[in-house]
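Beneath this line is the structure, given in C-alpha cells, with notes to follow.
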Amino acid sequence: MCSRKKYIKYSGLVVMLAVICICLGFFIKAQQDYFALAQKPTGLTETTATEPLSYSPVLAWDKDSESVYYEIEFFADKPMFLSPTQESDKAIFRSYAIFQNHYNAPLQSFAADLLGKKPLYWRVRGMDLDGKPYTPFSSLAELWTSGDKEAMGAPEPLTDYNNGNGSVLLYPVYHWIPMTGMVRYEIELYEGNPLTDKDAKLVDTLHTDVAELYDANPRYSNRDFYWRVRATNEEDVPMSRWSLPKRFRTAPADRWEVGVLGDSISHGGGHYSYGPEDFEFSWLRYLDFPTINLSESGDTIQMTVKRFDRDVLPFKPKYLLILTGTNSLRGGEDPKVVIEGLKKIQERCRENNIRPILLTLPDVNPDNIAHVFHEPTADDWTERFGEVNAYIRTQVHIDTAAAFPRTDGVLPTPFAMDGLHPDVAGKKLMGETVNSSWTEVKKQADDEMKQFEEKEGLN
C-alpha cells in the first residue's frame with residue numbers, strides 16, 4: 001500500500017514536471033520566435049475614457065517600411081496572456097492585408113453592444129510578402145469610444161507633396177485612408193482650391209476601386225493643384241462627403257535646375273506595397289539638392305523618348321539625370337535600341353540647352369521579380385544590361401549600378417525585395433552615389449555643353 005502511494009506520488013510529480021517542461025518549451029520557442037523578428041510596431045493611437053474616438057475610428061501606428069502589410073486584432077477584454085508571435089483565439093475580430101499604417105475599424109460590425117460602455121483592446125503586427133510575421137504584435141492598446149464623436153465621414157488624403165527633397169512629381173499618386181465598407185472612390189483635381197477660390201478650375205475627375213491612384217497624365221501648372229476624394233458605390237453615386245482638398249505644386253515657373261527622367265525606379269516606391277508618395281522609397285529624397293521628378297512608372301525606352309518634349313521641355317532644367325531602359329532590357333529588348341533611345345534623349349537635351357547626365361542601370365533579380373510580379377526576365381539580361389551600361393560609362397554619367405554589391409550576379413534581396421525596385425537601403429545608396437559624384441559630374445556636363453555649343457556655332 002505504501003509503495004502504491006509512493007508510485008502515485010512519483011507519477012504525479014513526473015506529470016507535473018512534464019507539463020512544466022512543455023510550458024517551458026513553448027515559452028522558449030515563443031522567445032526564439034520573438035527575437036527572430038523585427039521590432040514590434042509602436043506609436044499606436046492612444047485613447048482614454050475622457051478622450052475617446054467615434055464608433056467608426058481611424059486607428060494609426062508608426063510606419064514600418066520593411067513590412068509589406070499589417071494584421072490587426074481586437075479584443076472585448078484584456079486577455080491575461082497573449083503571445084506576441086501568435087494569433088489569439090480570444091480575438092473577437094481580425095483583419096488581414098492592411099496596406100497602410102492606418103485602419104478605419106468597423107467596430108459596429110463586431111462590437112456594437114460594447115461601444116461607449118467599456119474599452120476595447122487592439123494590437124497590430126507587420127507581415128512579409130508571403131504572409132509570415134515580420135514583426136511581433138504590438139503592445140495592447142485601449143480603444144475608448146463615444147457616440148458623441150463624429151464618425152469618419154470622408155476618406156482622408158495621405159500624400160504630402162512639396163515637403164522636402166523628392167516630393168515634387170510630374171505624375172502624382174493620390175493616396176488616402178479608405179472608409180470601411182466602401183468599394184469605389186472618385187477624385188477631383190483642380191487648379192486652385194475649390195473651397196476658397198471662386199476661379200478654381202476643375203481639371204479632371206478620376207475613379208478607382210482602391211485607395212490609391214497613379215495619375216496617368218502629367219500635371220503641371222503655374223497655379224497650385226488641389227485634389228479631393230469621396231467614396232461612391234459601384235455606379236459612382238456618392239456615399240460620403242468630399243475630403244478636405246489637398247494641395248500640391250508642380251510649376252515650370254519655379255525654374256527647377258535639376259530634373260530626373262526615368263521609369264518606376266526613379267518615380268518611386270518599392271517593397272511591393274509602397275508607392276511614389278512614400279518618399280523614403282525615392283532616391284531623390286536622399287539628394288543634397290532639390291530636383292523635380294519627371295519620371296513615370298512603367299516606362300520603356302520608347303515611352304521615355306516619346307514623352308520627352310511634352311514632359312521635360314516645359315521645365316527645361318539645366319541638368320537632367322536620366323535612368324531608363326530597365327523595363328525594356330528585362331523584357332528582351334535589343335540593347336542597341338535602348339542605346340539609340342538614350343542618344344535621342346541626349347540630343348534633345350543639348351538642342352534645348354539641357355545638360356544630360358546618364359545613370360547606369362542597377363542589376364535586377366529575376367527570381368524575386370517572378371516571385372513578386374509573376375513576370376519573366378530575359379535569360380541573357382546580364383549581357384543586355386552590360387552592353388547598355390558600357391555605353392553609358394563612355395558618356396557623362398553617374399555609376400549607380402556599381403554602387404550595389406552583387407550576390408550571385410543579381411541584385412541582392414536586402415536592397416530590393418521585389419528584385420526590381422530598390423527599397424529604402426537601395427534608394428539611400430543611389431542618392432549617396434549621386435551626391436558623391438555631383439560636383440565633378442556637373443563640371444563634366446558643363447564642359448560637354450560648351451563643346452557642343454562651340455561645335456554648333458552657338459557661342
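Going through the C-alpha cells in order, the chains are called A, B, and so on, while each chain numbers its residues from 1 and the ligands are numbered from 1 in the order shown.
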Would you kindly return, as a PyMOL selection string, each protein, DNA or RNA residue with an atom no farther than 7 Å from any atom of Tyr161 of chain A, considering only C-alpha atoms and excluding same-chain residues fewer than 3 positions away?
-> chain A and resi 167-168+248
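When the distance limit is 8 Å and only C-alpha atoms are what count, the residues near segment 73-89 of chain A, minus those fewer than 2 positions from it on the same chain, are Ala30, Asp33, Tyr34, Glu71, Ala91, Ile92, Phe93, Arg94, Ser95, Ala111, Leu114, Pro119, Leu120, Tyr121, Trp122, Arg123, Val124, Pro133, Pro136, Phe137 and Ser138 of chain A.
Counting only C-alpha atoms, the residue from A:Asp236, A:Glu212, A:Glu150, A:Glu340 that sits nearest to Tyr274 of chain A is A:Glu212.
Take the candidates A:Met152, A:Leu206, A:Ile357, A:Ile345 and check each one against Val173 of chain A using only C-alpha atoms; the shortest distance goes to A:Leu206.
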Write down as a list of chain:residue names the residues belonging to segment 179-232 of chain A that are assigned strand (DSSP E) by DSSP computed on the backbone.
-> A:Arg184, A:Tyr185, A:Glu186, A:Ile187, A:Glu188, A:Leu189, A:Tyr190, A:Glu191, A:Lys201, A:Leu202, A:Val203, A:Asp204, A:Thr205, A:Leu206, A:His207, A:Thr208, A:Glu212, A:Leu213, A:Tyr214, A:Phe225, A:Tyr226, A:Trp227, A:Arg228, A:Val229, A:Arg230, A:Ala231, A:Thr232
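Non-sequential neighbours of Gly259 of chain A (distance at most 10 Å, separation of 6 or more positions within a chain, only C-alpha atoms) are Pro290, Thr291, Ile292, Asn293, Leu294, Ser295, Val312, Phe315, Lys316, Pro317, Lys318, Tyr319, Leu320, Leu321, Ile322, Ile354 and Pro356 of chain A.
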Using backbone DSSP assignments, extract all helix (DSSP H, G or I) residues from segment 250-374 of chain A; output them as an MDAnalysis selection string.
-> chainID A and resid 252:254 264:267 279:281 283:286 301:306 308:311 326:330 335:351 366:373
Residue contacts of Ser436 of chain A (10 Å, only C-alpha atoms) excluding same-chain residues fewer than 4 positions away, as a VMD selection string = chain A and resid 287 to 288 398 431 to 432 440 to 441
Write the residues of the preceding selection, restricted to N, CA and C atoms, as a short mmCIF file (atom, residue, chain, number, x, y, z; two decimals), in the first residue's frame.
data_model
loop_
_atom_site.label_atom_id
_atom_site.label_comp_id
_atom_site.auth_asym_id
_atom_site.auth_seq_id
_atom_site.Cartn_x
_atom_site.Cartn_y
_atom_site.Cartn_z
N LEU A 287 19.06 63.14 -51.91
CA LEU A 287 19.99 64.05 -52.59
C LEU A 287 20.26 65.29 -51.74
N ASP A 288 21.40 65.89 -51.97
CA ASP A 288 21.78 67.11 -51.25
C ASP A 288 21.24 68.37 -51.93
N ILE A 398 26.77 58.95 -64.01
CA ILE A 398 26.98 58.57 -62.62
C ILE A 398 26.75 57.07 -62.54
N GLY A 431 21.09 57.61 -53.84
CA GLY A 431 21.20 59.03 -53.54
C GLY A 431 22.60 59.42 -53.12
N GLU A 432 23.21 58.60 -52.28
CA GLU A 432 24.57 58.89 -51.81
C GLU A 432 25.57 58.84 -52.95
N GLU A 440 31.70 66.90 -59.53
CA GLU A 440 32.52 66.58 -60.68
C GLU A 440 31.68 66.36 -61.93
N VAL A 441 30.54 65.68 -61.80
CA VAL A 441 29.74 65.37 -62.99
C VAL A 441 29.07 66.63 -63.53
#
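For the set A:Arg184, A:Lys427, A:Arg223, A:Arg393, the residue with the smallest atom-to-atom gap to Ala200 of chain A is A:Arg223, counting only C-alpha atoms.
Contact shell of Pro335 of chain A at 7 Å (only C-alpha atoms; same-chain neighbours under 2 positions omitted): Leu329, Glu333, Val337, Val338, Ile339, Arg384, Glu387 and Val388 of chain A.
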For atom CA of Thr47 of chain A and atom CA of Ile177 of chain A, quote the distance in Å rounded to one decimal.
-> 19.5 Å
So that each row is one residue of segment 170-225 of chain A with an atom at most 12 Å from segment 100-107 of chain A, can you give its shortest atom pair and the distance in Å to one decimal, using only C-alpha atoms, rows by chain and rising number, as a tab-separated table?
residue	atom	partner	partner_atom	distance
A:His175	CA	A:Gln100	CA	9.9
A:Trp176	CA	A:Gln100	CA	9.4
A:Ile177	CA	A:His102	CA	6.6
A:Pro178	CA	A:Asn104	CA	7.1
A:Met179	CA	A:Asn104	CA	6.0
A:Thr180	CA	A:Asn104	CA	5.8
A:Gly181	CA	A:Pro106	CA	8.1
A:Met182	CA	A:Asn104	CA	10.8
A:Ala211	CA	A:Gln100	CA	9.9
A:Glu212	CA	A:Gln100	CA	10.7
Write out as a PyMOL selection string which residues come within 10 Å of Gln108 of chain A when counting only C-alpha atoms, dropping same-chain ones fewer than 6 positions away.
-> chain A and resi 55-56+114-115
Pairwise distance for atom CA of Pro276 of chain A and atom CA of Thr159 of chain A, rounded to one decimal in Å | 9.7 Å
Residue nearest Asp418 of chain A among A:Leu202, A:Ala49, A:Ile369, A:Leu169 (counting only C-alpha atoms) = A:Ile369
